[in-house]
file target.tsv (TSV, N, CA and C atoms)
chain	number	residue	atom	x	y	z
A	1	MET	N	0.84	-1.18	0.00
A	1	MET	CA	0.00	0.00	0.00
A	1	MET	C	0.88	1.25	0.00
A	2	SER	N	0.58	2.15	-0.89
A	2	SER	CA	1.34	3.39	-1.03
A	2	SER	C	1.00	4.37	0.09
A	3	LYS	N	1.99	5.05	0.60
A	3	LYS	CA	1.80	6.08	1.60
A	3	LYS	C	1.60	7.42	0.90
A	4	LYS	N	0.78	8.27	1.51
A	4	LYS	CA	0.57	9.63	1.00
A	4	LYS	C	1.38	10.58	1.86
A	5	VAL	N	2.18	11.42	1.20
A	5	VAL	CA	3.03	12.36	1.91
A	5	VAL	C	2.79	13.77	1.35
A	6	THR	N	2.62	14.71	2.25
A	6	THR	CA	2.54	16.11	1.87
A	6	THR	C	3.78	16.81	2.41
A	7	VAL	N	4.49	17.50	1.53
A	7	VAL	CA	5.66	18.28	1.90
A	7	VAL	C	5.25	19.75	1.80
A	8	LEU	N	5.34	20.45	2.92
A	8	LEU	CA	5.01	21.87	2.97
A	8	LEU	C	6.32	22.65	2.97
A	9	LEU	N	6.52	23.47	1.95
A	9	LEU	CA	7.76	24.25	1.85
A	9	LEU	C	7.41	25.72	2.01
A	10	PHE	N	7.83	26.29	3.15
A	10	PHE	CA	7.50	27.68	3.48
A	10	PHE	C	8.72	28.61	3.40
A	11	HIS	N	9.86	28.10	3.01
A	11	HIS	CA	11.09	28.89	2.97
A	11	HIS	C	11.64	28.96	1.55
A	12	ASP	N	12.42	29.99	1.29
A	12	ASP	CA	13.10	30.08	0.00
A	12	ASP	C	14.61	30.10	0.16
A	13	GLU	N	15.08	29.70	1.34
A	13	GLU	CA	16.52	29.56	1.57
A	13	GLU	C	16.96	28.28	0.88
A	14	LEU	N	17.99	28.35	0.07
A	14	LEU	CA	18.38	27.27	-0.83
A	14	LEU	C	18.63	25.93	-0.13
A	15	CYS	N	19.24	25.93	1.03
A	15	CYS	CA	19.48	24.66	1.73
A	15	CYS	C	18.17	24.01	2.15
A	16	GLN	N	17.22	24.81	2.65
A	16	GLN	CA	15.90	24.30	3.01
A	16	GLN	C	15.16	23.78	1.78
A	17	VAL	N	15.25	24.53	0.70
A	17	VAL	CA	14.61	24.13	-0.56
A	17	VAL	C	15.18	22.80	-1.04
A	18	PHE	N	16.50	22.70	-1.03
A	18	PHE	CA	17.14	21.47	-1.46
A	18	PHE	C	16.68	20.30	-0.60
A	19	ASN	N	16.67	20.48	0.72
A	19	ASN	CA	16.25	19.40	1.61
A	19	ASN	C	14.81	18.98	1.34
A	20	ALA	N	13.93	19.94	1.17
A	20	ALA	CA	12.52	19.62	0.93
A	20	ALA	C	12.34	18.88	-0.40
A	21	LEU	N	12.95	19.39	-1.46
A	21	LEU	CA	12.76	18.78	-2.78
A	21	LEU	C	13.44	17.42	-2.87
A	22	MET	N	14.61	17.26	-2.28
A	22	MET	CA	15.29	15.97	-2.31
A	22	MET	C	14.51	14.94	-1.49
A	23	THR	N	13.95	15.38	-0.36
A	23	THR	CA	13.12	14.48	0.45
A	23	THR	C	11.89	14.06	-0.34
A	24	ALA	N	11.23	15.01	-0.98
A	24	ALA	CA	10.04	14.70	-1.78
A	24	ALA	C	10.38	13.74	-2.92
A	25	LEU	N	11.49	13.97	-3.57
A	25	LEU	CA	11.90	13.12	-4.68
A	25	LEU	C	12.25	11.70	-4.19
A	26	SER	N	12.94	11.61	-3.08
A	26	SER	CA	13.28	10.30	-2.52
A	26	SER	C	12.03	9.53	-2.12
A	27	LEU	N	11.08	10.21	-1.50
A	27	LEU	CA	9.83	9.55	-1.11
A	27	LEU	C	9.03	9.11	-2.33
A	28	LEU	N	8.98	9.95	-3.34
A	28	LEU	CA	8.28	9.61	-4.57
A	28	LEU	C	8.89	8.37	-5.21
A	29	ARG	N	10.20	8.33	-5.26
A	29	ARG	CA	10.90	7.20	-5.88
A	29	ARG	C	10.83	5.94	-5.02
A	30	SER	N	10.44	6.10	-3.76
A	30	SER	CA	10.24	4.95	-2.87
A	30	SER	C	8.81	4.44	-2.91
A	31	GLY	N	8.01	5.04	-3.76
A	31	GLY	CA	6.65	4.57	-3.96
A	31	GLY	C	5.56	5.38	-3.29
A	32	ALA	N	5.91	6.47	-2.64
A	32	ALA	CA	4.89	7.30	-1.99
A	32	ALA	C	4.18	8.18	-3.01
A	33	GLU	N	2.95	8.54	-2.68
A	33	GLU	CA	2.21	9.54	-3.43
A	33	GLU	C	2.55	10.88	-2.78
A	34	VAL	N	3.18	11.79	-3.54
A	34	VAL	CA	3.75	13.00	-2.95
A	34	VAL	C	3.08	14.26	-3.50
A	35	THR	N	2.70	15.14	-2.58
A	35	THR	CA	2.25	16.49	-2.92
A	35	THR	C	3.22	17.46	-2.28
A	36	VAL	N	3.68	18.44	-3.05
A	36	VAL	CA	4.55	19.48	-2.51
A	36	VAL	C	3.79	20.80	-2.61
A	37	PHE	N	3.63	21.45	-1.46
A	37	PHE	CA	2.90	22.71	-1.37
A	37	PHE	C	3.89	23.83	-1.10
A	38	PHE	N	3.83	24.88	-1.90
A	38	PHE	CA	4.75	26.02	-1.79
A	38	PHE	C	3.98	27.21	-1.24
A	39	GLY	N	4.19	27.52	0.04
A	39	GLY	CA	3.49	28.62	0.68
A	39	GLY	C	4.46	29.61	1.29
A	40	SER	N	3.95	30.74	1.72
A	40	SER	CA	4.75	31.80	2.29
A	40	SER	C	5.90	32.13	1.33
A	41	ARG	N	7.12	32.26	1.82
A	41	ARG	CA	8.25	32.58	0.93
A	41	ARG	C	8.63	31.41	0.03
A	42	GLY	N	8.14	30.22	0.36
A	42	GLY	CA	8.40	29.06	-0.48
A	42	GLY	C	7.83	29.18	-1.87
A	43	ILE	N	6.86	30.07	-2.06
A	43	ILE	CA	6.30	30.26	-3.39
A	43	ILE	C	7.34	30.81	-4.38
A	44	ASN	N	8.38	31.47	-3.85
A	44	ASN	CA	9.46	31.96	-4.72
A	44	ASN	C	10.17	30.81	-5.44
A	45	VAL	N	10.12	29.62	-4.87
A	45	VAL	CA	10.77	28.45	-5.46
A	45	VAL	C	10.14	28.07	-6.79
A	46	VAL	N	8.86	28.36	-6.96
A	46	VAL	CA	8.18	27.97	-8.20
A	46	VAL	C	7.91	29.17	-9.12
A	47	HIS	N	8.55	30.29	-8.84
A	47	HIS	CA	8.46	31.47	-9.70
A	47	HIS	C	9.59	31.37	-10.73
A	48	LYS	N	9.26	31.50	-11.99
A	48	LYS	CA	10.23	31.31	-13.08
A	48	LYS	C	11.49	32.14	-12.92
A	49	GLU	N	11.39	33.35	-12.44
A	49	GLU	CA	12.57	34.22	-12.31
A	49	GLU	C	13.21	34.11	-10.93
A	50	LYS	N	12.41	34.05	-9.90
A	50	LYS	CA	12.93	34.07	-8.54
A	50	LYS	C	13.68	32.79	-8.16
A	51	ILE	N	13.36	31.67	-8.80
A	51	ILE	CA	14.05	30.41	-8.46
A	51	ILE	C	15.55	30.52	-8.69
A	52	GLY	N	15.95	31.30	-9.67
A	52	GLY	CA	17.37	31.49	-9.96
A	52	GLY	C	18.07	32.43	-9.00
A	53	GLU	N	17.31	33.09	-8.14
A	53	GLU	CA	17.86	34.06	-7.21
A	53	GLU	C	17.96	33.53	-5.78
A	54	LEU	N	17.62	32.26	-5.57
A	54	LEU	CA	17.62	31.69	-4.22
A	54	LEU	C	19.04	31.70	-3.66
A	55	LYS	N	19.14	32.02	-2.38
A	55	LYS	CA	20.43	32.10	-1.69
A	55	LYS	C	20.55	31.01	-0.65
A	56	CYS	N	21.77	30.53	-0.50
A	56	CYS	CA	22.08	29.54	0.52
A	56	CYS	C	22.63	30.25	1.75
A	57	LEU	N	22.00	30.02	2.89
A	57	LEU	CA	22.43	30.58	4.17
A	57	LEU	C	22.63	32.11	4.11
A	58	PRO	N	21.61	32.85	3.70
A	58	PRO	CA	21.77	34.30	3.55
A	58	PRO	C	22.08	35.03	4.87
A	59	ASP	N	21.85	34.38	6.00
A	59	ASP	CA	22.14	35.00	7.29
A	59	ASP	C	23.58	34.75	7.74
A	60	GLN	N	24.35	34.04	6.94
A	60	GLN	CA	25.73	33.73	7.28
A	60	GLN	C	26.68	34.64	6.49
A	61	PRO	N	27.92	34.76	6.94
A	61	PRO	CA	28.90	35.55	6.18
A	61	PRO	C	29.06	35.02	4.75
A	62	GLU	N	29.39	35.90	3.85
A	62	GLU	CA	29.50	35.54	2.44
A	62	GLU	C	30.47	34.39	2.19
A	63	GLU	N	31.57	34.33	2.93
A	63	GLU	CA	32.54	33.25	2.72
A	63	GLU	C	31.94	31.88	3.07
A	64	VAL	N	31.06	31.85	4.07
A	64	VAL	CA	30.38	30.61	4.44
A	64	VAL	C	29.41	30.21	3.32
A	65	GLN	N	28.67	31.17	2.82
A	65	GLN	CA	27.74	30.91	1.72
A	65	GLN	C	28.48	30.33	0.51
A	66	LYS	N	29.58	30.97	0.16
A	66	LYS	CA	30.36	30.52	-1.01
A	66	LYS	C	30.92	29.12	-0.80
A	67	LYS	N	31.38	28.82	0.41
A	67	LYS	CA	31.94	27.51	0.70
A	67	LYS	C	30.87	26.42	0.55
A	68	VAL	N	29.68	26.67	1.08
A	68	VAL	CA	28.60	25.69	0.97
A	68	VAL	C	28.19	25.52	-0.50
A	69	MET	N	28.06	26.62	-1.22
A	69	MET	CA	27.68	26.53	-2.64
A	69	MET	C	28.74	25.78	-3.45
A	70	ALA	N	30.01	26.02	-3.14
A	70	ALA	CA	31.09	25.31	-3.85
A	70	ALA	C	31.02	23.81	-3.57
A	71	LYS	N	30.72	23.45	-2.34
A	71	LYS	CA	30.62	22.04	-1.98
A	71	LYS	C	29.43	21.39	-2.70
A	72	MET	N	28.31	22.10	-2.78
A	72	MET	CA	27.14	21.58	-3.49
A	72	MET	C	27.47	21.36	-4.98
A	73	GLU	N	28.20	22.30	-5.56
A	73	GLU	CA	28.60	22.16	-6.96
A	73	GLU	C	29.58	21.00	-7.13
A	74	GLU	N	30.51	20.86	-6.21
A	74	GLU	CA	31.49	19.77	-6.24
A	74	GLU	C	30.79	18.41	-6.20
A	75	LEU	N	29.72	18.32	-5.43
A	75	LEU	CA	28.97	17.07	-5.31
A	75	LEU	C	28.04	16.83	-6.51
A	76	ALA	N	27.99	17.80	-7.42
A	76	ALA	CA	27.15	17.71	-8.62
A	76	ALA	C	25.68	17.44	-8.26
A	77	LEU	N	25.21	18.16	-7.24
A	77	LEU	CA	23.82	18.01	-6.83
A	77	LEU	C	22.90	18.64	-7.87
A	78	PRO	N	21.71	18.10	-8.02
A	78	PRO	CA	20.78	18.69	-8.98
A	78	PRO	C	20.33	20.07	-8.50
A	79	THR	N	19.94	20.91	-9.45
A	79	THR	CA	19.44	22.23	-9.11
A	79	THR	C	17.97	22.12	-8.69
A	80	PRO	N	17.46	23.14	-8.01
A	80	PRO	CA	16.02	23.12	-7.69
A	80	PRO	C	15.16	22.99	-8.95
A	81	GLU	N	15.57	23.66	-10.01
A	81	GLU	CA	14.82	23.54	-11.27
A	81	GLU	C	14.78	22.10	-11.75
A	82	ASP	N	15.93	21.43	-11.69
A	82	ASP	CA	15.99	20.03	-12.12
A	82	ASP	C	15.12	19.14	-11.23
A	83	MET	N	15.17	19.38	-9.92
A	83	MET	CA	14.38	18.55	-9.01
A	83	MET	C	12.88	18.78	-9.21
A	84	LEU	N	12.48	20.01	-9.47
A	84	LEU	CA	11.06	20.27	-9.74
A	84	LEU	C	10.61	19.58	-11.02
A	85	THR	N	11.46	19.59	-12.03
A	85	THR	CA	11.14	18.89	-13.28
A	85	THR	C	11.01	17.39	-13.03
A	86	MET	N	11.95	16.83	-12.28
A	86	MET	CA	11.89	15.40	-11.97
A	86	MET	C	10.63	15.07	-11.18
A	87	LEU	N	10.32	15.88	-10.18
A	87	LEU	CA	9.13	15.64	-9.38
A	87	LEU	C	7.87	15.64	-10.25
A	88	GLU	N	7.76	16.64	-11.08
A	88	GLU	CA	6.58	16.74	-11.93
A	88	GLU	C	6.51	15.59	-12.92
A	89	MET	N	7.61	15.26	-13.55
A	89	MET	CA	7.63	14.19	-14.55
A	89	MET	C	7.40	12.81	-13.93
A	90	GLU	N	7.78	12.65	-12.66
A	90	GLU	CA	7.64	11.36	-11.99
A	90	GLU	C	6.33	11.23	-11.20
A	91	GLY	N	5.48	12.25	-11.30
A	91	GLY	CA	4.13	12.11	-10.76
A	91	GLY	C	3.78	12.84	-9.49
A	92	ALA	N	4.66	13.66	-8.96
A	92	ALA	CA	4.31	14.43	-7.77
A	92	ALA	C	3.33	15.54	-8.15
A	93	LEU	N	2.51	15.92	-7.21
A	93	LEU	CA	1.60	17.04	-7.39
A	93	LEU	C	2.27	18.26	-6.78
A	94	LEU	N	2.44	19.30	-7.58
A	94	LEU	CA	3.10	20.53	-7.13
A	94	LEU	C	2.06	21.63	-7.07
A	95	LEU	N	1.87	22.22	-5.88
A	95	LEU	CA	0.82	23.21	-5.69
A	95	LEU	C	1.35	24.48	-5.03
A	96	ALA	N	0.99	25.62	-5.59
A	96	ALA	CA	1.33	26.91	-5.00
A	96	ALA	C	0.16	27.42	-4.17
A	97	CYS	N	0.48	28.16	-3.13
A	97	CYS	CA	-0.54	28.74	-2.26
A	97	CYS	C	-1.21	29.92	-2.98
A	98	PRO	N	-2.53	29.89	-3.12
A	98	PRO	CA	-3.21	30.98	-3.81
A	98	PRO	C	-3.12	32.31	-3.05
A	99	LEU	N	-3.12	32.26	-1.73
A	99	LEU	CA	-3.03	33.49	-0.95
A	99	LEU	C	-1.68	34.15	-1.16
A	100	ASN	N	-0.59	33.37	-1.06
A	100	ASN	CA	0.74	33.95	-1.26
A	100	ASN	C	0.96	34.39	-2.70
A	101	LYS	N	0.35	33.69	-3.64
A	101	LYS	CA	0.41	34.10	-5.04
A	101	LYS	C	-0.16	35.51	-5.18
A	102	ASP	N	-1.29	35.75	-4.53
A	102	ASP	CA	-1.91	37.07	-4.59
A	102	ASP	C	-1.13	38.11	-3.80
A	103	ILE	N	-0.66	37.74	-2.61
A	103	ILE	CA	0.08	38.69	-1.77
A	103	ILE	C	1.33	39.19	-2.49
A	104	PHE	N	2.06	38.26	-3.12
A	104	PHE	CA	3.29	38.63	-3.82
A	104	PHE	C	3.04	39.08	-5.25
A	105	GLU	N	1.76	39.15	-5.63
A	105	GLU	CA	1.34	39.62	-6.95
A	105	GLU	C	1.96	38.81	-8.09
A	106	PHE	N	1.98	37.48	-7.91
A	106	PHE	CA	2.43	36.59	-8.97
A	106	PHE	C	1.24	36.29	-9.87
A	107	ARG	N	1.52	36.19	-11.14
A	107	ARG	CA	0.50	35.77	-12.11
A	107	ARG	C	0.67	34.27	-12.35
A	108	ASP	N	-0.35	33.61	-12.85
A	108	ASP	CA	-0.25	32.18	-13.15
A	108	ASP	C	0.93	31.90	-14.07
A	109	GLU	N	1.13	32.78	-15.05
A	109	GLU	CA	2.22	32.56	-16.01
A	109	GLU	C	3.61	32.78	-15.41
A	110	ASP	N	3.69	33.34	-14.20
A	110	ASP	CA	4.98	33.49	-13.52
A	110	ASP	C	5.47	32.15	-12.94
A	111	LEU	N	4.55	31.22	-12.75
A	111	LEU	CA	4.90	29.95	-12.13
A	111	LEU	C	5.48	28.98	-13.15
A	112	ILE	N	6.43	28.19	-12.71
A	112	ILE	CA	7.06	27.23	-13.62
A	112	ILE	C	6.04	26.18	-14.05
A	113	ASP	N	6.28	25.61	-15.20
A	113	ASP	CA	5.37	24.62	-15.75
A	113	ASP	C	5.20	23.45	-14.80
A	114	GLY	N	3.98	22.96	-14.72
A	114	GLY	CA	3.69	21.81	-13.88
A	114	GLY	C	3.20	22.16	-12.49
A	115	VAL	N	3.20	23.44	-12.15
A	115	VAL	CA	2.76	23.87	-10.82
A	115	VAL	C	1.32	24.37	-10.92
A	116	GLY	N	0.46	23.79	-10.09
A	116	GLY	CA	-0.93	24.23	-10.03
A	116	GLY	C	-1.15	25.12	-8.83
A	117	ILE	N	-2.36	25.62	-8.73
A	117	ILE	CA	-2.75	26.44	-7.59
A	117	ILE	C	-3.62	25.58	-6.67
A	118	ALA	N	-3.27	25.53	-5.40
A	118	ALA	CA	-4.04	24.75	-4.44
A	118	ALA	C	-5.43	25.36	-4.29
A	119	ASP	N	-6.42	24.51	-4.15
A	119	ASP	CA	-7.79	24.97	-3.92
A	119	ASP	C	-7.94	25.22	-2.42
A	120	PRO	N	-8.13	26.49	-2.02
A	120	PRO	CA	-8.20	26.78	-0.59
A	120	PRO	C	-9.37	26.12	0.13
A	121	ASP	N	-10.40	25.75	-0.62
A	121	ASP	CA	-11.56	25.12	0.00
A	121	ASP	C	-11.35	23.64	0.29
A	122	THR	N	-10.42	23.01	-0.42
A	122	THR	CA	-10.26	21.56	-0.27
A	122	THR	C	-8.85	21.10	0.04
A	123	PHE	N	-7.87	21.98	-0.03
A	123	PHE	CA	-6.49	21.54	0.15
A	123	PHE	C	-6.27	20.81	1.47
A	124	TYR	N	-6.69	21.40	2.55
A	124	TYR	CA	-6.43	20.77	3.86
A	124	TYR	C	-7.24	19.50	4.06
A	125	THR	N	-8.49	19.50	3.62
A	125	THR	CA	-9.31	18.30	3.82
A	125	THR	C	-8.97	17.18	2.86
A	126	ASP	N	-8.69	17.52	1.60
A	126	ASP	CA	-8.46	16.50	0.58
A	126	ASP	C	-7.00	16.11	0.39
A	127	VAL	N	-6.09	16.91	0.89
A	127	VAL	CA	-4.66	16.60	0.71
A	127	VAL	C	-3.99	16.38	2.07
A	128	VAL	N	-3.98	17.40	2.90
A	128	VAL	CA	-3.23	17.34	4.15
A	128	VAL	C	-3.82	16.31	5.12
A	129	MET	N	-5.12	16.36	5.35
A	129	MET	CA	-5.74	15.48	6.36
A	129	MET	C	-5.74	14.02	5.98
A	130	VAL	N	-5.62	13.72	4.69
A	130	VAL	CA	-5.58	12.30	4.28
A	130	VAL	C	-4.16	11.79	4.11
A	131	SER	N	-3.18	12.65	4.37
A	131	SER	CA	-1.79	12.24	4.25
A	131	SER	C	-1.40	11.36	5.42
A	132	ASP	N	-0.55	10.37	5.13
A	132	ASP	CA	0.01	9.57	6.20
A	132	ASP	C	1.09	10.33	6.94
A	133	PHE	N	1.79	11.20	6.20
A	133	PHE	CA	2.87	12.01	6.78
A	133	PHE	C	2.78	13.41	6.20
A	134	VAL	N	3.02	14.42	7.03
A	134	VAL	CA	3.11	15.80	6.59
A	134	VAL	C	4.46	16.32	7.08
A	135	LEU	N	5.29	16.72	6.16
A	135	LEU	CA	6.62	17.23	6.48
A	135	LEU	C	6.68	18.70	6.16
A	136	SER	N	7.25	19.49	7.06
A	136	SER	CA	7.31	20.92	6.86
A	136	SER	C	8.76	21.40	6.82
A	137	PHE	N	9.05	22.21	5.82
A	137	PHE	CA	10.39	22.77	5.66
A	137	PHE	C	10.28	24.28	5.57
call {"tool": "encode", "arguments": {"input": "target.tsv", "output": "structure tokens"}}
result
Amino acid sequence: MSKKVTVLLFHDELCQVFNALMTALSLLRSGAEVTVFFGSRGINVVHKEKIGELKCLPDQPEEVQKKVMAKMEELALPTPEDMLTMLEMEGALLLACPLNKDIFEFRDEDLIDGVGIADPDTFYTDVVMVSDFVLSF
């Protein structure tokens, strides 16, 4: 029996984004039914332009940021864009928060392909409450 997992991503800090997307991808590839919800600042992750501007550890000194980014590149880790493409192609449901979309004045066409808008009337009852696991990043 397949497990249902909802991943809630509320941050746009690159390390958090990487952890959330890699976790979602690993769960999906392990046979789980995965929904990834992008709310609050996490909606920047699915914005066509803003995804390229994500920063790793922005509260740390620049040399720390550069060291972590260099290590990530050395490990040849996939980019957030690549992971979102993999998630979508492999069957994950990717949903943006409609409230944050409006607050940040994003248009539907600003969102990367494959990302839908969560239905505020049914998201929690039809997705979150029926999940076996809910993970928040």
call {"tool": "atom_distance", "arguments": {"input": "target.tsv", "atom1": "atom C of Glu81 of chain A", "atom2": "atom C of Leu99 of chain A"}}
result
23.0 Å
call {"tool": "residues_around", "arguments": {"input": "target.tsv", "residues": "segment 5-18 of chain A", "least_positions_apart": "3", "cutoff": "8 Å", "atoms": "only C-alpha atoms", "output": "PyMOL selection string"}}
result
chain A and resi 21-22+24+27+32-45+54-58+80+127-128+131-137
call {"tool": "write_last_selection", "arguments": {"input": "target.tsv", "atoms": "N, CA and C atoms", "output": "mmCIF file, in the frame of the given file"}}
result
data_model
loop_
_atom_site.group_PDB
_atom_site.id
_atom_site.type_symbol
_atom_site.label_atom_id
_atom_site.label_comp_id
_atom_site.auth_asym_id
_atom_site.auth_seq_id
_atom_site.Cartn_x
_atom_site.Cartn_y
_atom_site.Cartn_z
ATOM 1 N N LEU A 21 12.950 19.390 -1.460
ATOM 2 C CA LEU A 21 12.760 18.780 -2.780
ATOM 3 C C LEU A 21 13.440 17.420 -2.870
ATOM 4 N N MET A 22 14.610 17.260 -2.280
ATOM 5 C CA MET A 22 15.290 15.970 -2.310
ATOM 6 C C MET A 22 14.510 14.940 -1.490
ATOM 7 N N ALA A 24 11.230 15.010 -0.980
ATOM 8 C CA ALA A 24 10.040 14.700 -1.780
ATOM 9 C C ALA A 24 10.380 13.740 -2.920
ATOM 10 N N LEU A 27 11.080 10.210 -1.500
ATOM 11 C CA LEU A 27 9.830 9.550 -1.110
ATOM 12 C C LEU A 27 9.030 9.110 -2.330
ATOM 13 N N ALA A 32 5.910 6.470 -2.640
ATOM 14 C CA ALA A 32 4.890 7.300 -1.990
ATOM 15 C C ALA A 32 4.180 8.180 -3.010
ATOM 16 N N GLU A 33 2.950 8.540 -2.680
ATOM 17 C CA GLU A 33 2.210 9.540 -3.430
ATOM 18 C C GLU A 33 2.550 10.880 -2.780
ATOM 19 N N VAL A 34 3.180 11.790 -3.540
ATOM 20 C CA VAL A 34 3.750 13.000 -2.950
ATOM 21 C C VAL A 34 3.080 14.260 -3.500
ATOM 22 N N THR A 35 2.700 15.140 -2.580
ATOM 23 C CA THR A 35 2.250 16.490 -2.920
ATOM 24 C C THR A 35 3.220 17.460 -2.280
ATOM 25 N N VAL A 36 3.680 18.440 -3.050
ATOM 26 C CA VAL A 36 4.550 19.480 -2.510
ATOM 27 C C VAL A 36 3.790 20.800 -2.610
ATOM 28 N N PHE A 37 3.630 21.450 -1.460
ATOM 29 C CA PHE A 37 2.900 22.710 -1.370
ATOM 30 C C PHE A 37 3.890 23.830 -1.100
ATOM 31 N N PHE A 38 3.830 24.880 -1.900
ATOM 32 C CA PHE A 38 4.750 26.020 -1.790
ATOM 33 C C PHE A 38 3.980 27.210 -1.240
ATOM 34 N N GLY A 39 4.190 27.520 0.040
ATOM 35 C CA GLY A 39 3.490 28.620 0.680
ATOM 36 C C GLY A 39 4.460 29.610 1.290
ATOM 37 N N SER A 40 3.950 30.740 1.720
ATOM 38 C CA SER A 40 4.750 31.800 2.290
ATOM 39 C C SER A 40 5.900 32.130 1.330
ATOM 40 N N ARG A 41 7.120 32.260 1.820
ATOM 41 C CA ARG A 41 8.250 32.580 0.930
ATOM 42 C C ARG A 41 8.630 31.410 0.030
ATOM 43 N N GLY A 42 8.140 30.220 0.360
ATOM 44 C CA GLY A 42 8.400 29.060 -0.480
ATOM 45 C C GLY A 42 7.830 29.180 -1.870
ATOM 46 N N ILE A 43 6.860 30.070 -2.060
ATOM 47 C CA ILE A 43 6.300 30.260 -3.390
ATOM 48 C C ILE A 43 7.340 30.810 -4.380
ATOM 49 N N ASN A 44 8.380 31.470 -3.850
ATOM 50 C CA ASN A 44 9.460 31.960 -4.720
ATOM 51 C C ASN A 44 10.170 30.810 -5.440
ATOM 52 N N VAL A 45 10.120 29.620 -4.870
ATOM 53 C CA VAL A 45 10.770 28.450 -5.460
ATOM 54 C C VAL A 45 10.140 28.070 -6.790
ATOM 55 N N LEU A 54 17.620 32.260 -5.570
ATOM 56 C CA LEU A 54 17.620 31.690 -4.220
ATOM 57 C C LEU A 54 19.040 31.700 -3.660
ATOM 58 N N LYS A 55 19.140 32.020 -2.380
ATOM 59 C CA LYS A 55 20.430 32.100 -1.690
ATOM 60 C C LYS A 55 20.550 31.010 -0.650
ATOM 61 N N CYS A 56 21.770 30.530 -0.500
ATOM 62 C CA CYS A 56 22.080 29.540 0.520
ATOM 63 C C CYS A 56 22.630 30.250 1.750
ATOM 64 N N LEU A 57 22.000 30.020 2.890
ATOM 65 C CA LEU A 57 22.430 30.580 4.170
ATOM 66 C C LEU A 57 22.630 32.110 4.110
ATOM 67 N N PRO A 58 21.610 32.850 3.700
ATOM 68 C CA PRO A 58 21.770 34.300 3.550
ATOM 69 C C PRO A 58 22.080 35.030 4.870
ATOM 70 N N PRO A 80 17.460 23.140 -8.010
ATOM 71 C CA PRO A 80 16.020 23.120 -7.690
ATOM 72 C C PRO A 80 15.160 22.990 -8.950
ATOM 73 N N VAL A 127 -6.090 16.910 0.890
ATOM 74 C CA VAL A 127 -4.660 16.600 0.710
ATOM 75 C C VAL A 127 -3.990 16.380 2.070
ATOM 76 N N VAL A 128 -3.980 17.400 2.900
ATOM 77 C CA VAL A 128 -3.230 17.340 4.150
ATOM 78 C C VAL A 128 -3.820 16.310 5.120
ATOM 79 N N SER A 131 -3.180 12.650 4.370
ATOM 80 C CA SER A 131 -1.790 12.240 4.250
ATOM 81 C C SER A 131 -1.400 11.360 5.420
ATOM 82 N N ASP A 132 -0.550 10.370 5.130
ATOM 83 C CA ASP A 132 0.010 9.570 6.200
ATOM 84 C C ASP A 132 1.090 10.330 6.940
ATOM 85 N N PHE A 133 1.790 11.200 6.200
ATOM 86 C CA PHE A 133 2.870 12.010 6.780
ATOM 87 C C PHE A 133 2.780 13.410 6.200
ATOM 88 N N VAL A 134 3.020 14.420 7.030
ATOM 89 C CA VAL A 134 3.110 15.800 6.590
ATOM 90 C C VAL A 134 4.460 16.320 7.080
ATOM 91 N N LEU A 135 5.290 16.720 6.160
ATOM 92 C CA LEU A 135 6.620 17.230 6.480
ATOM 93 C C LEU A 135 6.680 18.700 6.160
ATOM 94 N N SER A 136 7.250 19.490 7.060
ATOM 95 C CA SER A 136 7.310 20.920 6.860
ATOM 96 C C SER A 136 8.760 21.400 6.820
ATOM 97 N N PHE A 137 9.050 22.210 5.820
ATOM 98 C CA PHE A 137 10.390 22.770 5.660
ATOM 99 C C PHE A 137 10.280 24.280 5.570
#
call {"tool": "atom_distance", "arguments": {"input": "target.tsv", "atom1": "atom C of Met72 of chain A", "atom2": "atom CA of Leu84 of chain A"}}
result
17.1 Å
call {"tool": "atom_distance", "arguments": {"input": "target.tsv", "atom1": "atom CA of Leu94 of chain A", "atom2": "atom CA of Asp119 of chain A"}}
result
12.2 Å
call {"tool": "closest_residue", "arguments": {"input": "target.tsv", "among": "A:Leu25, A:Ala96, A:Met69, A:Leu111", "to": "Glu49 of chain A", "atoms": "only C-alpha atoms"}}
result
A:Leu111
call {"tool": "select_by_dssp", "arguments": {"input": "target.tsv", "residues": "segment 14-97 of chain A", "states": "strand (DSSP E or B)", "output": "PyMOL selection string"}}
result
chain A and resi 33-38+47+93-96
call {"tool": "closest_residue", "arguments": {"input": "target.tsv", "among": "A:Asp126, A:Cys97, A:Val64, A:His47", "to": "Asp113 of chain A", "atoms": "only C-alpha atoms"}}
result
A:His47
call {"tool": "closest_residue", "arguments": {"input": "target.tsv", "among": "A:Ile112, A:Phe104, A:Met86, A:Arg29", "to": "Lys48 of chain A", "atoms": "all atoms listed in the file"}}
result
A:Ile112
call {"tool": "residues_near_point", "arguments": {"input": "target.tsv", "point": "(0.2, 20.7, -10.8)", "cutoff": "7 Å", "atoms": "only N, CA and C atoms", "output": "tab-separated table (two decimals) with N, CA and C atoms, in the coordinates of the input"}}
result
chain	number	residue	atom	x	y	z
A	92	ALA	N	4.66	13.66	-8.96
A	92	ALA	CA	4.31	14.43	-7.77
A	92	ALA	C	3.33	15.54	-8.15
A	93	LEU	N	2.51	15.92	-7.21
A	93	LEU	CA	1.60	17.04	-7.39
A	93	LEU	C	2.27	18.26	-6.78
A	94	LEU	N	2.44	19.30	-7.58
A	94	LEU	CA	3.10	20.53	-7.13
A	94	LEU	C	2.06	21.63	-7.07
A	95	LEU	N	1.87	22.22	-5.88
A	95	LEU	CA	0.82	23.21	-5.69
A	95	LEU	C	1.35	24.48	-5.03
A	113	ASP	N	6.28	25.61	-15.20
A	113	ASP	CA	5.37	24.62	-15.75
A	113	ASP	C	5.20	23.45	-14.80
A	114	GLY	N	3.98	22.96	-14.72
A	114	GLY	CA	3.69	21.81	-13.88
A	114	GLY	C	3.20	22.16	-12.49
A	115	VAL	N	3.20	23.44	-12.15
A	115	VAL	CA	2.76	23.87	-10.82
A	115	VAL	C	1.32	24.37	-10.92
A	116	GLY	N	0.46	23.79	-10.09
A	116	GLY	CA	-0.93	24.23	-10.03
A	116	GLY	C	-1.15	25.12	-8.83
A	117	ILE	N	-2.36	25.62	-8.73
A	117	ILE	CA	-2.75	26.44	-7.59
A	117	ILE	C	-3.62	25.58	-6.67
